[in-house]
$ cat final-v4.pdb   # PDB, C-alpha atoms and all ligand atoms
MODEL        1
ATOM      1  CA  MET A   1       0.000   0.000   0.000  1.00  0.00           C
ATOM      2  CA  GLN A   2       1.197   3.514  -0.713  1.00  0.00           C
ATOM      3  CA  TYR A   3       0.641   6.607   1.402  1.00  0.00           C
ATOM      4  CA  PHE A   4       1.447   9.444  -1.020  1.00  0.00           C
ATOM      5  CA  ALA A   5      -1.638  11.584  -0.319  1.00  0.00           C
ATOM      6  CA  GLU A   6      -1.224  11.320   3.460  1.00  0.00           C
ATOM      7  CA  LEU A   7       2.515  12.031   3.259  1.00  0.00           C
ATOM      8  CA  GLU A   8       2.012  15.051   1.014  1.00  0.00           C
ATOM      9  CA  LYS A   9      -0.480  16.532   3.490  1.00  0.00           C
ATOM     10  CA  LEU A  10       1.830  15.728   6.389  1.00  0.00           C
ATOM     11  CA  LEU A  11       4.689  17.666   4.743  1.00  0.00           C
ATOM     12  CA  ASP A  12       2.905  20.886   5.723  1.00  0.00           C
ATOM     13  CA  ALA A  13       3.299  19.965   9.404  1.00  0.00           C
ATOM     14  CA  SER A  14       7.099  19.784   9.066  1.00  0.00           C
ATOM     15  CA  SER A  15       8.885  22.518  11.011  1.00  0.00           C
ATOM     16  CA  ALA A  16      12.030  23.279   9.019  1.00  0.00           C
ATOM     17  CA  PRO A  17      12.639  27.049   9.149  1.00  0.00           C
ATOM     18  CA  TYR A  18      16.432  26.699   8.819  1.00  0.00           C
ATOM     19  CA  SER A  19      16.877  24.244   5.954  1.00  0.00           C
ATOM     20  CA  GLY A  20      13.520  24.679   4.207  1.00  0.00           C
ATOM     21  CA  PHE A  21      13.699  20.904   3.630  1.00  0.00           C
ATOM     22  CA  ASN A  22      10.436  19.272   4.699  1.00  0.00           C
ATOM     23  CA  VAL A  23      10.273  15.575   5.470  1.00  0.00           C
ATOM     24  CA  ALA A  24       7.212  13.458   6.313  1.00  0.00           C
ATOM     25  CA  SER A  25       7.208   9.858   7.439  1.00  0.00           C
ATOM     26  CA  ILE A  26       4.473   7.321   8.129  1.00  0.00           C
ATOM     27  CA  VAL A  27       5.406   4.223  10.084  1.00  0.00           C
ATOM     28  CA  VAL A  28       3.225   1.105   9.955  1.00  0.00           C
ATOM     29  CA  SER A  29       3.341  -1.421  12.771  1.00  0.00           C
ATOM     30  CA  LYS A  30       3.013  -5.185  12.402  1.00  0.00           C
ATOM     31  CA  SER A  31      -0.522  -4.809  13.784  1.00  0.00           C
ATOM     32  CA  GLY A  32      -1.355  -2.330  10.974  1.00  0.00           C
ATOM     33  CA  GLU A  33      -1.409   0.876  13.015  1.00  0.00           C
ATOM     34  CA  HIS A  34      -0.032   4.088  11.462  1.00  0.00           C
ATOM     35  CA  PHE A  35       2.101   6.752  13.123  1.00  0.00           C
ATOM     36  CA  ASN A  36       3.068  10.133  11.671  1.00  0.00           C
ATOM     37  CA  GLY A  37       6.363  11.959  11.896  1.00  0.00           C
ATOM     38  CA  VAL A  38       7.854  15.171  10.505  1.00  0.00           C
ATOM     39  CA  ASN A  39      11.254  16.761  10.910  1.00  0.00           C
ATOM     40  CA  VAL A  40      11.398  19.376  13.636  1.00  0.00           C
ATOM     41  CA  GLU A  41      14.351  21.764  13.450  1.00  0.00           C
ATOM     42  CA  SER A  42      15.945  23.813  16.196  1.00  0.00           C
ATOM     43  CA  VAL A  43      18.073  26.941  16.080  1.00  0.00           C
ATOM     44  CA  ALA A  44      20.543  24.819  18.077  1.00  0.00           C
ATOM     45  CA  TYR A  45      20.949  22.776  14.886  1.00  0.00           C
ATOM     46  CA  PRO A  46      22.051  19.361  16.248  1.00  0.00           C
ATOM     47  CA  THR A  47      18.924  19.123  18.382  1.00  0.00           C
ATOM     48  CA  THR A  48      16.831  18.831  15.210  1.00  0.00           C
ATOM     49  CA  MET A  49      14.874  15.571  14.909  1.00  0.00           C
ATOM     50  CA  CYS A  50      14.247  13.687  11.666  1.00  0.00           C
ATOM     51  CA  ALA A  51      10.779  12.703  10.461  1.00  0.00           C
ATOM     52  CA  GLU A  52      11.485   8.964  10.571  1.00  0.00           C
ATOM     53  CA  ARG A  53      12.590   8.920  14.199  1.00  0.00           C
ATOM     54  CA  THR A  54       9.714  11.213  15.190  1.00  0.00           C
ATOM     55  CA  ALA A  55       7.290   8.666  13.684  1.00  0.00           C
ATOM     56  CA  ILE A  56       8.994   5.674  15.303  1.00  0.00           C
ATOM     57  CA  PHE A  57       9.218   7.350  18.713  1.00  0.00           C
ATOM     58  CA  SER A  58       5.520   8.219  18.440  1.00  0.00           C
ATOM     59  CA  ALA A  59       4.752   4.553  17.724  1.00  0.00           C
ATOM     60  CA  ILE A  60       6.783   3.426  20.744  1.00  0.00           C
ATOM     61  CA  ALA A  61       5.147   6.053  22.955  1.00  0.00           C
ATOM     62  CA  SER A  62       1.763   4.720  21.811  1.00  0.00           C
ATOM     63  CA  GLY A  63       2.592   1.195  22.959  1.00  0.00           C
ATOM     64  CA  ILE A  64       4.141  -0.433  19.872  1.00  0.00           C
ATOM     65  CA  LYS A  65       6.855  -2.770  21.125  1.00  0.00           C
ATOM     66  CA  ARG A  66      10.471  -3.064  20.010  1.00  0.00           C
ATOM     67  CA  GLY A  67      10.562  -5.237  16.891  1.00  0.00           C
ATOM     68  CA  GLU A  68       7.014  -4.390  15.803  1.00  0.00           C
ATOM     69  CA  ILE A  69       7.751  -1.684  13.203  1.00  0.00           C
ATOM     70  CA  ARG A  70       6.975  -3.123   9.748  1.00  0.00           C
ATOM     71  CA  GLU A  71       7.172  -0.261   7.205  1.00  0.00           C
ATOM     72  CA  VAL A  72       8.670   3.228   7.030  1.00  0.00           C
ATOM     73  CA  HIS A  73       7.353   5.557   4.272  1.00  0.00           C
ATOM     74  CA  ILE A  74       9.245   8.768   3.488  1.00  0.00           C
ATOM     75  CA  LEU A  75       8.413  11.827   1.352  1.00  0.00           C
ATOM     76  CA  ALA A  76      10.509  15.004   1.205  1.00  0.00           C
ATOM     77  CA  ARG A  77      10.255  18.451  -0.395  1.00  0.00           C
ATOM     78  CA  ASN A  78      13.242  20.703  -0.955  1.00  0.00           C
ATOM     79  CA  VAL A  79      13.540  24.439  -0.437  1.00  0.00           C
ATOM     80  CA  GLU A  80      12.374  25.032  -4.033  1.00  0.00           C
ATOM     81  CA  LYS A  81       9.201  23.099  -3.062  1.00  0.00           C
ATOM     82  CA  ASN A  82      10.021  20.192  -5.364  1.00  0.00           C
ATOM     83  CA  LEU A  83       9.438  16.635  -4.193  1.00  0.00           C
ATOM     84  CA  ILE A  84      12.715  14.767  -3.877  1.00  0.00           C
ATOM     85  CA  ALA A  85      13.633  11.199  -2.941  1.00  0.00           C
ATOM     86  CA  ALA A  86      15.182  11.233   0.542  1.00  0.00           C
ATOM     87  CA  PHE A  87      16.778   8.199   2.118  1.00  0.00           C
ATOM     88  CA  PRO A  88      16.937   7.940   5.914  1.00  0.00           C
ATOM     89  CA  CYS A  89      20.086   9.252   7.587  1.00  0.00           C
ATOM     90  CA  GLY A  90      22.441   6.884   9.417  1.00  0.00           C
ATOM     91  CA  SER A  91      20.942   7.578  12.838  1.00  0.00           C
ATOM     92  CA  CYS A  92      17.427   6.836  11.563  1.00  0.00           C
ATOM     93  CA  ARG A  93      18.644   3.628   9.901  1.00  0.00           C
ATOM     94  CA  GLN A  94      19.984   2.409  13.245  1.00  0.00           C
ATOM     95  CA  VAL A  95      16.684   3.136  15.013  1.00  0.00           C
ATOM     96  CA  ILE A  96      14.641   1.562  12.182  1.00  0.00           C
ATOM     97  CA  ALA A  97      16.814  -1.577  12.354  1.00  0.00           C
ATOM     98  CA  GLU A  98      16.396  -1.894  16.121  1.00  0.00           C
ATOM     99  CA  GLN A  99      12.703  -1.136  16.294  1.00  0.00           C
ATOM    100  CA  SER A 100      11.795  -3.473  13.418  1.00  0.00           C
ATOM    101  CA  GLY A 101      13.870  -6.453  14.488  1.00  0.00           C
ATOM    102  CA  ASN A 102      15.947  -5.656  11.365  1.00  0.00           C
ATOM    103  CA  GLU A 103      12.940  -6.488   9.171  1.00  0.00           C
ATOM    104  CA  ALA A 104      11.442  -3.129   8.111  1.00  0.00           C
ATOM    105  CA  LYS A 105      10.723  -2.246   4.521  1.00  0.00           C
ATOM    106  CA  VAL A 106      11.624   1.364   3.733  1.00  0.00           C
ATOM    107  CA  TYR A 107       9.644   3.127   0.975  1.00  0.00           C
ATOM    108  CA  VAL A 108      11.280   6.226  -0.522  1.00  0.00           C
ATOM    109  CA  TYR A 109       8.862   8.357  -2.554  1.00  0.00           C
ATOM    110  CA  ALA A 110      10.146  10.498  -5.420  1.00  0.00           C
ATOM    111  CA  SER A 111       6.548  11.144  -6.542  1.00  0.00           C
ATOM    112  CA  GLN A 112       3.151   9.453  -6.381  1.00  0.00           C
ATOM    113  CA  LYS A 113       4.241   6.917  -8.986  1.00  0.00           C
ATOM    114  CA  ASP A 114       7.966   6.646  -8.347  1.00  0.00           C
ATOM    115  CA  ILE A 115       8.415   4.772  -5.084  1.00  0.00           C
ATOM    116  CA  SER A 116      11.460   2.638  -4.342  1.00  0.00           C
ATOM    117  CA  GLU A 117      11.320  -0.187  -1.810  1.00  0.00           C
ATOM    118  CA  HIS A 118      14.309  -1.203   0.291  1.00  0.00           C
ATOM    119  CA  THR A 119      14.968  -3.491   3.213  1.00  0.00           C
ATOM    120  CA  ILE A 120      16.554  -1.954   6.280  1.00  0.00           C
ATOM    121  CA  SER A 121      19.295  -4.603   6.177  1.00  0.00           C
ATOM    122  CA  GLU A 122      20.147  -3.423   2.646  1.00  0.00           C
ATOM    123  CA  LEU A 123      20.324   0.208   3.849  1.00  0.00           C
ATOM    124  CA  LEU A 124      22.247  -0.647   7.032  1.00  0.00           C
ATOM    125  CA  PRO A 125      24.265  -3.830   6.641  1.00  0.00           C
ATOM    126  CA  HIS A 126      25.865  -5.242   9.796  1.00  0.00           C
ATOM    127  CA  ALA A 127      23.721  -3.148  12.139  1.00  0.00           C
ATOM    128  CA  PHE A 128      24.789  -2.915  15.784  1.00  0.00           C
ATOM    129  CA  PHE A 129      22.315  -4.713  18.064  1.00  0.00           C
ATOM    130  CA  SER A 130      23.928  -5.909  21.211  1.00  0.00           C
ATOM    131  CA  LEU A 131      26.350  -4.975  23.969  1.00  0.00           C
ATOM    132  CA  ASP A 132      27.122  -8.690  24.581  1.00  0.00           C
TER
HETATM  133  N1  LIG A 201      15.879  14.948   7.587  1.00  0.00           N
HETATM  134  C1  LIG A 201      14.893  14.060   7.916  1.00  0.00           C
HETATM  135  O1  LIG A 201      13.903  14.416   8.557  1.00  0.00           O
HETATM  136  N2  LIG A 201      15.031  12.780   7.520  1.00  0.00           N
HETATM  137  C2  LIG A 201      16.060  12.311   6.761  1.00  0.00           C
HETATM  138  O2  LIG A 201      16.101  11.125   6.465  1.00  0.00           O
HETATM  139  C3  LIG A 201      17.111  13.224   6.316  1.00  0.00           C
HETATM  140  C4  LIG A 201      17.073  14.585   6.877  1.00  0.00           C
HETATM  141  C5  LIG A 201      15.712  16.347   7.971  1.00  0.00           C
HETATM  142  C6  LIG A 201      16.629  16.856   9.027  1.00  0.00           C
HETATM  143  C7  LIG A 201      16.645  18.341   8.728  1.00  0.00           C
HETATM  144  O3  LIG A 201      15.526  18.954   9.347  1.00  0.00           O
HETATM  145  C8  LIG A 201      16.434  18.422   7.227  1.00  0.00           C
HETATM  146  O4  LIG A 201      15.934  17.156   6.831  1.00  0.00           O
HETATM  147  C9  LIG A 201      17.683  18.739   6.435  1.00  0.00           C
HETATM  148  O5  LIG A 201      18.710  17.879   6.771  1.00  0.00           O
ENDMDL
END

$ encode --input "final-v4.pdb" --output "structure tokens"
Amino acid sequence: MQYFAELEKLLDASSAPYSGFNVASIVVSKSGEHFNGVNVESVAYPTTMCAERTAIFSAIASGIKRGEIREVHILARNVEKNLIAAFPCGSCRQVIAEQSGNEAKVYVYASQKDISEHTISELLPHAFFSLD
């Protein structure tokens, strides 16, 4: 299933006054629930949070358990207001790997019709999972 219309609407909730780069993410749990995320920027730049982690943290805060994230959908719009394919950053890949039991599918939207599908293990090979 694709979530283009919902993602496009969600882009307007992104708070990105510094970069002008809006990102929206919808996370789907194994039980079929949906959780929204947008990037939220801060004038103290490193405290900015990405859309993907916002969506995953919302899912966890709503009771979704570690390992139960199934899909991560991502749509982005650049400062010129053009849609652009955006892959998750390294930090988001780590969180996606952990919270999906390394099984999530990641859907990167370039447009309504151009959607690429990736596994998280393809995007983050040899993920770090354990202190043992
Ligand atoms: N950003 C995301 O929200 N997700 C990504 O996967 C890449 C980057 C945000 C962070 C920042 O607000 C803006 O995009 C530019 O880096």

$ atom_distance --input "final-v4.pdb" --atom1 "atom CA of Ala51 of chain A" --atom2 "atom C4 of ligand LIG 201 (chain A)"
7.5 Å

$ residues_near_ligand --input "final-v4.pdb" --ligand "ligand LIG 201 (chain A)" --cutoff "7 Å" --atoms "all atoms listed in the file" --output "ChimeraX atom specification"
/A:16,19,21-23,38-41,48-52,86-89,92

$ atom_distance --input "final-v4.pdb" --atom1 "atom CA of Leu10 of chain A" --atom2 "atom CA of Ile26 of chain A"
9.0 Å

$ resolve_selection --input "final-v4.pdb" --expression "the PyMOL selection byres (((chain A and resi 31) around 9) and not hetatm)" --output "ChimeraX atom specification"
/A:28-30,32-33,64,68-70

$ closest_residue --input "final-v4.pdb" --among "A:Arg66, A:Arg93, A:His34, A:His73" --to "Ile120 of chain A" --atoms "only C-alpha atoms"
A:Arg93

$ resolve_selection --input "final-v4.pdb" --expression "the PyMOL selection byres (((chain A and resi 75) around 8) and not hetatm)" --output "list in words"
Phe4, Leu7, Glu8, Leu11, Val23, Ala24, Ser25, His73, Ile74, Ala76, Arg77, Leu83, Ile84, Ala85, Ala86, Val108, Tyr109 and Ala110 of chain A

$ write_last_selection --input "final-v4.pdb" --atoms "C-alpha atoms" --output "short mmCIF file (atom, residue, chain, number, x, y, z; two decimals), in the coordinates of the input"
data_model
loop_
_atom_site.label_atom_id
_atom_site.label_comp_id
_atom_site.auth_asym_id
_atom_site.auth_seq_id
_atom_site.Cartn_x
_atom_site.Cartn_y
_atom_site.Cartn_z
CA PHE A 4 1.45 9.44 -1.02
CA LEU A 7 2.52 12.03 3.26
CA GLU A 8 2.01 15.05 1.01
CA LEU A 11 4.69 17.67 4.74
CA VAL A 23 10.27 15.58 5.47
CA ALA A 24 7.21 13.46 6.31
CA SER A 25 7.21 9.86 7.44
CA HIS A 73 7.35 5.56 4.27
CA ILE A 74 9.24 8.77 3.49
CA ALA A 76 10.51 15.00 1.20
CA ARG A 77 10.26 18.45 -0.40
CA LEU A 83 9.44 16.64 -4.19
CA ILE A 84 12.72 14.77 -3.88
CA ALA A 85 13.63 11.20 -2.94
CA ALA A 86 15.18 11.23 0.54
CA VAL A 108 11.28 6.23 -0.52
CA TYR A 109 8.86 8.36 -2.55
CA ALA A 110 10.15 10.50 -5.42
#

$ atom_distance --input "final-v4.pdb" --atom1 "atom CA of Lys105 of chain A" --atom2 "atom CA of Glu71 of chain A"
4.9 Å

$ residues_near_point --input "final-v4.pdb" --point "(6.9, 6.8, 10.5)" --cutoff "6 Å" --atoms "only C-alpha atoms" --output "count of residues only"
10

$ closest_residue --input "final-v4.pdb" --among "A:Ala97, A:Ala59, A:Val43, A:Ile115" --to "Pro17 of chain A" --atoms "only C-alpha atoms"
A:Val43

$ build_atoms --input "final-v4.pdb" --residues "segment 72-103 of chain A" --atoms "N, CA and C atoms" --output "PDB file, keeping the file's coordinate frame"
ATOM      1  N   VAL A  72       8.375   1.800   6.851  1.00  0.00           N
ATOM      2  CA  VAL A  72       8.670   3.228   7.030  1.00  0.00           C
ATOM      3  C   VAL A  72       8.539   3.893   5.656  1.00  0.00           C
ATOM      4  N   HIS A  73       7.595   4.847   5.528  1.00  0.00           N
ATOM      5  CA  HIS A  73       7.353   5.557   4.272  1.00  0.00           C
ATOM      6  C   HIS A  73       7.883   6.982   4.420  1.00  0.00           C
ATOM      7  N   ILE A  74       8.578   7.455   3.377  1.00  0.00           N
ATOM      8  CA  ILE A  74       9.245   8.768   3.488  1.00  0.00           C
ATOM      9  C   ILE A  74       8.988   9.604   2.226  1.00  0.00           C
ATOM     10  N   LEU A  75       8.553  10.863   2.451  1.00  0.00           N
ATOM     11  CA  LEU A  75       8.413  11.827   1.352  1.00  0.00           C
ATOM     12  C   LEU A  75       9.077  13.127   1.787  1.00  0.00           C
ATOM     13  N   ALA A  76       9.812  13.758   0.871  1.00  0.00           N
ATOM     14  CA  ALA A  76      10.509  15.004   1.205  1.00  0.00           C
ATOM     15  C   ALA A  76      10.291  16.047   0.111  1.00  0.00           C
ATOM     16  N   ARG A  77      10.433  17.304   0.520  1.00  0.00           N
ATOM     17  CA  ARG A  77      10.255  18.451  -0.395  1.00  0.00           C
ATOM     18  C   ARG A  77      11.380  19.430  -0.119  1.00  0.00           C
ATOM     19  N   ASN A  78      12.089  19.828  -1.170  1.00  0.00           N
ATOM     20  CA  ASN A  78      13.242  20.703  -0.955  1.00  0.00           C
ATOM     21  C   ASN A  78      12.824  22.169  -0.852  1.00  0.00           C
ATOM     22  N   VAL A  79      13.820  23.021  -0.683  1.00  0.00           N
ATOM     23  CA  VAL A  79      13.540  24.439  -0.437  1.00  0.00           C
ATOM     24  C   VAL A  79      12.867  25.099  -1.640  1.00  0.00           C
ATOM     25  N   GLU A  80      13.066  24.519  -2.830  1.00  0.00           N
ATOM     26  CA  GLU A  80      12.374  25.032  -4.033  1.00  0.00           C
ATOM     27  C   GLU A  80      10.948  24.470  -4.146  1.00  0.00           C
ATOM     28  N   LYS A  81      10.550  23.700  -3.127  1.00  0.00           N
ATOM     29  CA  LYS A  81       9.201  23.099  -3.062  1.00  0.00           C
ATOM     30  C   LYS A  81       9.008  21.963  -4.063  1.00  0.00           C
ATOM     31  N   ASN A  82      10.109  21.365  -4.494  1.00  0.00           N
ATOM     32  CA  ASN A  82      10.021  20.192  -5.364  1.00  0.00           C
ATOM     33  C   ASN A  82      10.132  18.929  -4.532  1.00  0.00           C
ATOM     34  N   LEU A  83       9.313  17.925  -4.865  1.00  0.00           N
ATOM     35  CA  LEU A  83       9.438  16.635  -4.193  1.00  0.00           C
ATOM     36  C   LEU A  83      10.768  16.012  -4.590  1.00  0.00           C
ATOM     37  N   ILE A  84      11.389  15.325  -3.631  1.00  0.00           N
ATOM     38  CA  ILE A  84      12.715  14.767  -3.877  1.00  0.00           C
ATOM     39  C   ILE A  84      12.850  13.478  -3.072  1.00  0.00           C
ATOM     40  N   ALA A  85      13.450  12.466  -3.658  1.00  0.00           N
ATOM     41  CA  ALA A  85      13.633  11.199  -2.941  1.00  0.00           C
ATOM     42  C   ALA A  85      14.653  11.399  -1.825  1.00  0.00           C
ATOM     43  N   ALA A  86      14.265  11.072  -0.596  1.00  0.00           N
ATOM     44  CA  ALA A  86      15.182  11.233   0.542  1.00  0.00           C
ATOM     45  C   ALA A  86      15.303   9.906   1.278  1.00  0.00           C
ATOM     46  N   PHE A  87      16.512   9.429   1.367  1.00  0.00           N
ATOM     47  CA  PHE A  87      16.778   8.199   2.118  1.00  0.00           C
ATOM     48  C   PHE A  87      17.044   8.545   3.579  1.00  0.00           C
ATOM     49  N   PRO A  88      16.719   7.644   4.499  1.00  0.00           N
ATOM     50  CA  PRO A  88      16.937   7.940   5.914  1.00  0.00           C
ATOM     51  C   PRO A  88      18.422   8.119   6.237  1.00  0.00           C
ATOM     52  N   CYS A  89      18.703   9.019   7.149  1.00  0.00           N
ATOM     53  CA  CYS A  89      20.086   9.252   7.587  1.00  0.00           C
ATOM     54  C   CYS A  89      20.579   8.039   8.392  1.00  0.00           C
ATOM     55  N   GLY A  90      21.849   8.022   8.688  1.00  0.00           N
ATOM     56  CA  GLY A  90      22.441   6.884   9.417  1.00  0.00           C
ATOM     57  C   GLY A  90      21.808   6.654  10.779  1.00  0.00           C
ATOM     58  N   SER A  91      21.545   7.734  11.505  1.00  0.00           N
ATOM     59  CA  SER A  91      20.942   7.578  12.838  1.00  0.00           C
ATOM     60  C   SER A  91      19.554   6.961  12.729  1.00  0.00           C
ATOM     61  N   CYS A  92      18.770   7.402  11.749  1.00  0.00           N
ATOM     62  CA  CYS A  92      17.427   6.836  11.563  1.00  0.00           C
ATOM     63  C   CYS A  92      17.528   5.370  11.144  1.00  0.00           C
ATOM     64  N   ARG A  93      18.493   5.037  10.317  1.00  0.00           N
ATOM     65  CA  ARG A  93      18.644   3.628   9.901  1.00  0.00           C
ATOM     66  C   ARG A  93      18.891   2.737  11.116  1.00  0.00           C
ATOM     67  N   GLN A  94      19.712   3.199  12.044  1.00  0.00           N
ATOM     68  CA  GLN A  94      19.984   2.409  13.245  1.00  0.00           C
ATOM     69  C   GLN A  94      18.697   2.185  14.040  1.00  0.00           C
ATOM     70  N   VAL A  95      17.930   3.234  14.220  1.00  0.00           N
ATOM     71  CA  VAL A  95      16.684   3.136  15.013  1.00  0.00           C
ATOM     72  C   VAL A  95      15.664   2.253  14.284  1.00  0.00           C
ATOM     73  N   ILE A  96      15.563   2.411  12.956  1.00  0.00           N
ATOM     74  CA  ILE A  96      14.641   1.562  12.182  1.00  0.00           C
ATOM     75  C   ILE A  96      15.044   0.097  12.339  1.00  0.00           C
ATOM     76  N   ALA A  97      16.341  -0.190  12.230  1.00  0.00           N
ATOM     77  CA  ALA A  97      16.814  -1.577  12.354  1.00  0.00           C
ATOM     78  C   ALA A  97      16.421  -2.153  13.718  1.00  0.00           C
ATOM     79  N   GLU A  98      16.687  -1.391  14.774  1.00  0.00           N
ATOM     80  CA  GLU A  98      16.396  -1.894  16.121  1.00  0.00           C
ATOM     81  C   GLU A  98      14.907  -2.076  16.358  1.00  0.00           C
ATOM     82  N   GLN A  99      14.123  -1.108  15.945  1.00  0.00           N
ATOM     83  CA  GLN A  99      12.703  -1.136  16.294  1.00  0.00           C
ATOM     84  C   GLN A  99      11.871  -2.017  15.361  1.00  0.00           C
ATOM     85  N   SER A 100      12.511  -2.561  14.325  1.00  0.00           N
ATOM     86  CA  SER A 100      11.795  -3.473  13.418  1.00  0.00           C
ATOM     87  C   SER A 100      12.326  -4.889  13.510  1.00  0.00           C
ATOM     88  N   GLY A 101      13.241  -5.135  14.453  1.00  0.00           N
ATOM     89  CA  GLY A 101      13.870  -6.453  14.488  1.00  0.00           C
ATOM     90  C   GLY A 101      14.655  -6.709  13.200  1.00  0.00           C
ATOM     91  N   ASN A 102      15.167  -5.631  12.621  1.00  0.00           N
ATOM     92  CA  ASN A 102      15.947  -5.656  11.365  1.00  0.00           C
ATOM     93  C   ASN A 102      15.119  -6.167  10.182  1.00  0.00           C
ATOM     94  N   GLU A 103      13.810  -5.945  10.222  1.00  0.00           N
ATOM     95  CA  GLU A 103      12.940  -6.488   9.171  1.00  0.00           C
ATOM     96  C   GLU A 103      12.142  -5.437   8.418  1.00  0.00           C
TER      97      GLU A 103
END
